[in-house]
Amino acid sequence: MKSIVCIKYVPDTSEAEVKVNPDGKTVDDSRFSFDINDADNYAVEESVLIKEDKGGEVDVLSIGPKQSEVMIRMAMAKGCDRAVRVEDDRIADHDPLMVAKVLAGAIKDKEFDLILTGCWADDYGHMSTGVALAEYLGVNHASMVKKVEVLDGKVRAHRELEGGLMEVVELELPAVLTIQTGINEPRYAPIRGIRQAQKKELNVVSLDDLGIDPAEVGSEASQVVLENLYIPEVESAAEFIEGEPDEKADKLASILVKGGLV
Amino acid sequence: MSTESLTFTEKYDLLGCIQCGRCTGGCPVTVRADLNVRQFVNDAYDEEKLDELARLAEIWDCTACHTCAVRCPKGLKPLEVLIGLRSLIVESGKVEPRVRDALQSVLLEGNPWEKSRAMRQDWMEGLDVRIAEPGEYVENLFFVCCTNAYDPRVQVTAKNMVKILNKTGVDYAFLPEDESCCGSEVFTLGEEGLFEMLVEDNTEFLNEFSAGRIVTLSPHCFTTYKTHFPDLKHPVIHYTQLMDELIQEGKLAWKGELPKKIVYHDPCYLGKQGGIFDEPRRILKSIPGVELLEFNRSRERSLCCEGGGGKMWVESESRKERLADTRIKDAKAMGADLVAAACPFCILTLEDAMKGLGYEEEMRVAEIMELLGEFVEV
């Protein structure tokens, strides 16, 4: 089983305040910590679990800066075998179709059975890259996958749909799966493993190295124009429930029932 | 011979154990968990059983309070056998998610709280804090500690320290934001490789500064630097030693009175591991109006709050009463109005226990620096 896992280095916006830069089109990332995109972390774990179960190899593919290499080394410490990091300022990385086109360009000459990636990224949250990648490569795909069963020449994917529905689909390989968080429990990459992973192959390439025309994946090619970023106005109302614990619980329960939340 | 080439038995000197039982006899955790450290020391001699032992949940119940090490007549550290077993799990990557995230955060951001390094000095906002420059001599070089830097409940320790130091004219500076975790909890969680890296990197970082001594705000940093950093060129003290000095020299002016019964809780890393028992008591007794009480289990026998040993990230499987609850109940029974401690983990665990027991209206848990901030002229 040959797998490729596509991962992204993203800011953690849960702690530091998100501030838009004066240009209105970028975010001040100076106070953020950066790490592997959450759903991609589950995709890495799933690819390693498949390798441990079925044998084979896992390649990592990522578009990102030099600083993201720690994330790539962690993935290799967990069991991925080699990596390619694409670094090129000319990619219109706000557009998932352009990102998918670059990933497809990096993959097109490789043999693979499965491509795994997170179902969405914590930065722009488009939920489109994996699906677009499958389209560019002309292979099957399933999104929001919560369980994977590798069969002979096929894969059975359990897709988590709205309202708690689980759809089970079988796909002929090769295929792209976009992985939902919670599919597994990602392991820890111990520092000794990260150090050993320094010996594994990590190639840094540009669009030119990949033979991709920058005009095809740059802002001129993109149909998405980033006009303006802004912080949505916060509208909130808080109600303090008074009374003895039993009364409070009753009131809270009736609010939840009336609001259709339980 | 490097430790890497030692067998488990050699590394932890298992053959030095005489199975006397003083370790288990003093272990505070045995009242609430199935942890029997003497048995682990015995069983770990069989190298083939190590993986099986490492999978037992109770190895994560140890709080690394060091009572077993203090009591061991052979000078062994039985708790480190448990840490060694934890490291087998860590190396396999199969640790609990909270432990995983804390360790990864230390590697990526220099703190276990999953906070950005860029936010490490946010606690300084609004304060006139002197920041150390490499090569520029300062008498007291402060290491803030990740928990004091990021946790809003205990940031007051560092804030009050700055206010008092500025008033007294003590020569001091805090380390700049590239300060990283001391590794205390990384060590006890069993991430040996990461801890070795922190010892190397922090030694190099701290030795760039010219200082009379390093002053730590947390006993965990204090003991870790003293015990595990052989090449650190500066002596290390805990802040209670500095505050005690200032009080003895008459450099702190008191304001108001605290007519309360205070019981002092000895943090394990300050007391039984750091040997600092008297300074915190002298500080508390100096506050006008204070009546200082003593727990039955105090000083070397102090009951652990269960905040150390990586337990801030590992929940015990035991549902029996937490030791912090026991501690607060004891304080209540002796009529204490306030439980004082000088450790961020003790404050967080004891205050949670106090709130959980519903004593919030009648009791208080406070860091010693919190009280000094309230009763010293600044």
# chains A, B, ... in the order shown; residues from 1 in each chain; ligands from 1
call {"tool": "select_by_dssp", "arguments": {"residues": "segment 217-321 of chain B", "states": "helix (DSSP H, G or I)", "output": "JSON, numbers by chain"}}
result
{"B": [219, 220, 221, 222, 223, 224, 225, 226, 227, 228, 239, 240, 241, 242, 243, 244, 245, 246, 247, 248, 278, 279, 280, 281, 282, 283, 284, 285, 286, 299, 300, 301]}
call {"tool": "write_last_selection", "arguments": {"atoms": "N, CA and C atoms", "output": "short mmCIF file (atom, residue, chain, number, x, y, z; two decimals), in the first residue's frame"}}
result
data_model
loop_
_atom_site.label_atom_id
_atom_site.label_comp_id
_atom_site.auth_asym_id
_atom_site.auth_seq_id
_atom_site.Cartn_x
_atom_site.Cartn_y
_atom_site.Cartn_z
N PRO B 219 8.92 26.27 42.77
CA PRO B 219 9.82 25.26 43.34
C PRO B 219 10.19 24.17 42.34
N HIS B 220 9.34 23.97 41.34
CA HIS B 220 9.65 22.94 40.34
C HIS B 220 10.87 23.35 39.52
N CYS B 221 10.92 24.61 39.09
CA CYS B 221 12.09 25.10 38.35
C CYS B 221 13.31 25.08 39.28
N PHE B 222 13.09 25.51 40.53
CA PHE B 222 14.17 25.57 41.53
C PHE B 222 14.86 24.21 41.67
N THR B 223 14.09 23.19 41.97
CA THR B 223 14.68 21.86 42.19
C THR B 223 15.23 21.27 40.91
N THR B 224 14.54 21.52 39.81
CA THR B 224 15.02 20.95 38.54
C THR B 224 16.38 21.55 38.16
N TYR B 225 16.50 22.86 38.27
CA TYR B 225 17.80 23.48 37.94
C TYR B 225 18.89 23.01 38.90
N LYS B 226 18.55 22.90 40.16
CA LYS B 226 19.56 22.49 41.15
C LYS B 226 19.97 21.02 40.96
N THR B 227 19.02 20.19 40.58
CA THR B 227 19.28 18.75 40.54
C THR B 227 19.80 18.26 39.20
N HIS B 228 19.28 18.82 38.13
CA HIS B 228 19.53 18.21 36.81
C HIS B 228 20.38 19.05 35.86
N TYR B 239 12.34 32.07 45.37
CA TYR B 239 12.02 33.45 45.74
C TYR B 239 11.78 33.62 47.24
N THR B 240 11.33 32.55 47.92
CA THR B 240 11.08 32.71 49.36
C THR B 240 12.39 32.99 50.10
N GLN B 241 13.50 32.50 49.55
CA GLN B 241 14.80 32.79 50.18
C GLN B 241 15.14 34.28 50.03
N LEU B 242 14.86 34.82 48.85
CA LEU B 242 15.13 36.25 48.62
C LEU B 242 14.23 37.12 49.49
N MET B 243 12.93 36.78 49.53
CA MET B 243 12.00 37.60 50.32
C MET B 243 12.36 37.54 51.81
N ASP B 244 12.78 36.35 52.24
CA ASP B 244 13.19 36.19 53.64
C ASP B 244 14.40 37.09 53.93
N GLU B 245 15.34 37.12 52.99
CA GLU B 245 16.52 38.00 53.14
C GLU B 245 16.08 39.45 53.28
N LEU B 246 15.19 39.87 52.39
CA LEU B 246 14.76 41.28 52.39
C LEU B 246 14.07 41.63 53.70
N ILE B 247 13.28 40.68 54.22
CA ILE B 247 12.58 40.93 55.49
C ILE B 247 13.60 41.03 56.64
N GLN B 248 14.55 40.09 56.64
CA GLN B 248 15.59 40.11 57.70
C GLN B 248 16.38 41.42 57.65
N ASP B 278 12.03 26.75 56.41
CA ASP B 278 11.90 27.84 57.38
C ASP B 278 11.59 29.20 56.75
N GLU B 279 12.18 29.45 55.58
CA GLU B 279 12.01 30.77 54.97
C GLU B 279 10.55 31.14 54.74
N PRO B 280 9.75 30.24 54.13
CA PRO B 280 8.34 30.60 53.91
C PRO B 280 7.61 30.86 55.22
N ARG B 281 7.95 30.09 56.25
CA ARG B 281 7.29 30.27 57.56
C ARG B 281 7.68 31.62 58.17
N ARG B 282 8.96 31.96 58.05
CA ARG B 282 9.40 33.25 58.62
C ARG B 282 8.70 34.41 57.91
N ILE B 283 8.55 34.27 56.58
CA ILE B 283 7.88 35.34 55.82
C ILE B 283 6.45 35.51 56.34
N LEU B 284 5.75 34.39 56.45
CA LEU B 284 4.34 34.46 56.86
C LEU B 284 4.22 35.04 58.27
N LYS B 285 5.12 34.63 59.17
CA LYS B 285 5.06 35.13 60.55
C LYS B 285 5.37 36.63 60.62
N SER B 286 6.09 37.13 59.61
CA SER B 286 6.44 38.56 59.61
C SER B 286 5.26 39.45 59.26
N ARG B 299 6.46 19.87 56.77
CA ARG B 299 7.90 19.77 56.46
C ARG B 299 8.19 18.50 55.63
N GLU B 300 9.14 17.65 56.06
CA GLU B 300 9.49 16.46 55.25
C GLU B 300 8.30 15.52 55.07
N ARG B 301 7.33 15.60 56.00
CA ARG B 301 6.19 14.69 55.94
C ARG B 301 4.98 15.33 55.25
#
call {"tool": "residues_around", "arguments": {"residues": "Gly105 of chain A", "least_positions_apart": "5", "cutoff": "8 Å", "atoms": "only C-alpha atoms", "output": "list in words"}}
result
Leu210, Gly211 and Ile212 of chain A
call {"tool": "closest_atom_pairs", "arguments": {"of": "chain A", "to": "chain B", "cutoff": "12 Å", "atoms": "only C-alpha atoms", "output": "Markdown table"}}
result
| residue | atom | partner | partner_atom | distance |
| --- | --- | --- | --- | --- |
| A:Pro11 | CA | B:Ser116 | CA | 10.0 |
| A:Asp12 | CA | B:Ser116 | CA | 8.6 |
| A:Thr13 | CA | B:Ser116 | CA | 10.0 |
| A:Ser14 | CA | B:Lys115 | CA | 9.5 |
| A:Glu15 | CA | B:Lys115 | CA | 7.0 |
| A:Ala16 | CA | B:Ser116 | CA | 7.8 |
| A:Glu17 | CA | B:Met119 | CA | 10.7 |
| A:Asp29 | CA | B:Ala118 | CA | 10.2 |
| A:Ser30 | CA | B:Ala118 | CA | 7.3 |
| A:Arg31 | CA | B:Ala118 | CA | 5.0 |
| A:Phe32 | CA | B:Ser116 | CA | 5.8 |
| A:Ser33 | CA | B:Ser116 | CA | 4.7 |
| A:Phe34 | CA | B:Leu108 | CA | 8.3 |
| A:Asp35 | CA | B:Leu108 | CA | 8.1 |
| A:Ile36 | CA | B:Leu108 | CA | 11.1 |
| A:Asp38 | CA | B:Asp101 | CA | 11.8 |
| A:Glu45 | CA | B:Gly93 | CA | 11.1 |
| A:Gln67 | CA | B:Leu108 | CA | 10.6 |
| A:Ser68 | CA | B:Leu108 | CA | 10.9 |
| A:Glu69 | CA | B:Leu108 | CA | 11.7 |
| A:Val70 | CA | B:Leu108 | CA | 8.4 |
| A:Met71 | CA | B:Leu108 | CA | 9.5 |
| A:Met74 | CA | B:Gln104 | CA | 9.8 |
| A:Ala75 | CA | B:Gly93 | CA | 11.8 |
| A:Ala77 | CA | B:Gly93 | CA | 9.5 |
| A:Lys78 | CA | B:Gly93 | CA | 7.8 |
| A:Gly79 | CA | B:Gly93 | CA | 10.7 |
| A:Gly182 | CA | B:Pro97 | CA | 11.8 |
| A:Asn184 | CA | B:Pro97 | CA | 11.2 |
| A:Glu185 | CA | B:Pro97 | CA | 7.6 |
| A:Pro186 | CA | B:Pro97 | CA | 7.9 |
| A:Arg187 | CA | B:Gly93 | CA | 4.9 |
| A:Tyr188 | CA | B:Gly93 | CA | 4.2 |
| A:Ala189 | CA | B:Gly93 | CA | 5.8 |
| A:Pro190 | CA | B:Glu91 | CA | 5.7 |
| A:Ile191 | CA | B:Gly193 | CA | 5.5 |
| A:Arg192 | CA | B:Gly193 | CA | 5.6 |
| A:Gly193 | CA | B:Glu91 | CA | 7.7 |
| A:Ile194 | CA | B:Gly193 | CA | 9.9 |
| A:Arg195 | CA | B:Gly193 | CA | 9.4 |
| A:Gln196 | CA | B:Gly193 | CA | 11.5 |
call {"tool": "residues_around", "arguments": {"residues": "Pro214 of chain A", "least_positions_apart": "6", "cutoff": "9 Å", "atoms": "only C-alpha atoms", "output": "ChimeraX atom specification"}}
result
/A:90-91,207-208,221
call {"tool": "atom_distance", "arguments": {"atom1": "atom CA of Ala175 of chain A", "atom2": "atom CA of Ile50 of chain A"}}
result
14.2 Å
call {"tool": "decode", "arguments": {"residues": "segment 27-59 of chain A", "atoms": "C-alpha atoms", "output": "PDB file, in the first residue's frame"}}
result
ATOM      1  CA  VAL A  27      -3.750  38.539   9.417  1.00  0.00           C
ATOM      2  CA  ASP A  28      -1.104  39.550  11.958  1.00  0.00           C
ATOM      3  CA  ASP A  29       0.390  36.158  12.783  1.00  0.00           C
ATOM      4  CA  SER A  30       3.197  37.390  15.058  1.00  0.00           C
ATOM      5  CA  ARG A  31       1.530  36.134  18.235  1.00  0.00           C
ATOM      6  CA  PHE A  32       0.262  32.799  16.965  1.00  0.00           C
ATOM      7  CA  SER A  33       1.810  29.429  17.533  1.00  0.00           C
ATOM      8  CA  PHE A  34       1.935  27.251  14.414  1.00  0.00           C
ATOM      9  CA  ASP A  35       1.472  23.533  14.122  1.00  0.00           C
ATOM     10  CA  ILE A  36       0.151  20.818  11.853  1.00  0.00           C
ATOM     11  CA  ASN A  37      -3.483  21.369  10.854  1.00  0.00           C
ATOM     12  CA  ASP A  38      -5.601  19.357  13.274  1.00  0.00           C
ATOM     13  CA  ALA A  39      -7.420  17.193  10.709  1.00  0.00           C
ATOM     14  CA  ASP A  40      -4.131  16.575   8.852  1.00  0.00           C
ATOM     15  CA  ASN A  41      -2.669  15.221  12.090  1.00  0.00           C
ATOM     16  CA  TYR A  42      -5.388  12.553  12.091  1.00  0.00           C
ATOM     17  CA  ALA A  43      -4.640  11.866   8.417  1.00  0.00           C
ATOM     18  CA  VAL A  44      -0.977  11.266   9.297  1.00  0.00           C
ATOM     19  CA  GLU A  45      -1.966   8.849  12.065  1.00  0.00           C
ATOM     20  CA  GLU A  46      -4.396   6.996   9.781  1.00  0.00           C
ATOM     21  CA  SER A  47      -1.766   6.653   7.066  1.00  0.00           C
ATOM     22  CA  VAL A  48       0.707   5.231   9.614  1.00  0.00           C
ATOM     23  CA  LEU A  49      -1.928   2.852  11.010  1.00  0.00           C
ATOM     24  CA  ILE A  50      -2.635   1.597   7.476  1.00  0.00           C
ATOM     25  CA  LYS A  51       1.084   1.122   6.885  1.00  0.00           C
ATOM     26  CA  GLU A  52       1.442  -0.774  10.172  1.00  0.00           C
ATOM     27  CA  ASP A  53      -1.498  -2.990   9.235  1.00  0.00           C
ATOM     28  CA  LYS A  54      -0.923  -3.557   5.516  1.00  0.00           C
ATOM     29  CA  GLY A  55       2.739  -2.683   5.029  1.00  0.00           C
ATOM     30  CA  GLY A  56       3.966  -0.266   2.389  1.00  0.00           C
ATOM     31  CA  GLU A  57       5.143   3.295   2.520  1.00  0.00           C
ATOM     32  CA  VAL A  58       3.854   6.748   3.335  1.00  0.00           C
ATOM     33  CA  ASP A  59       5.073   9.934   1.679  1.00  0.00           C
TER      34      ASP A  59
END
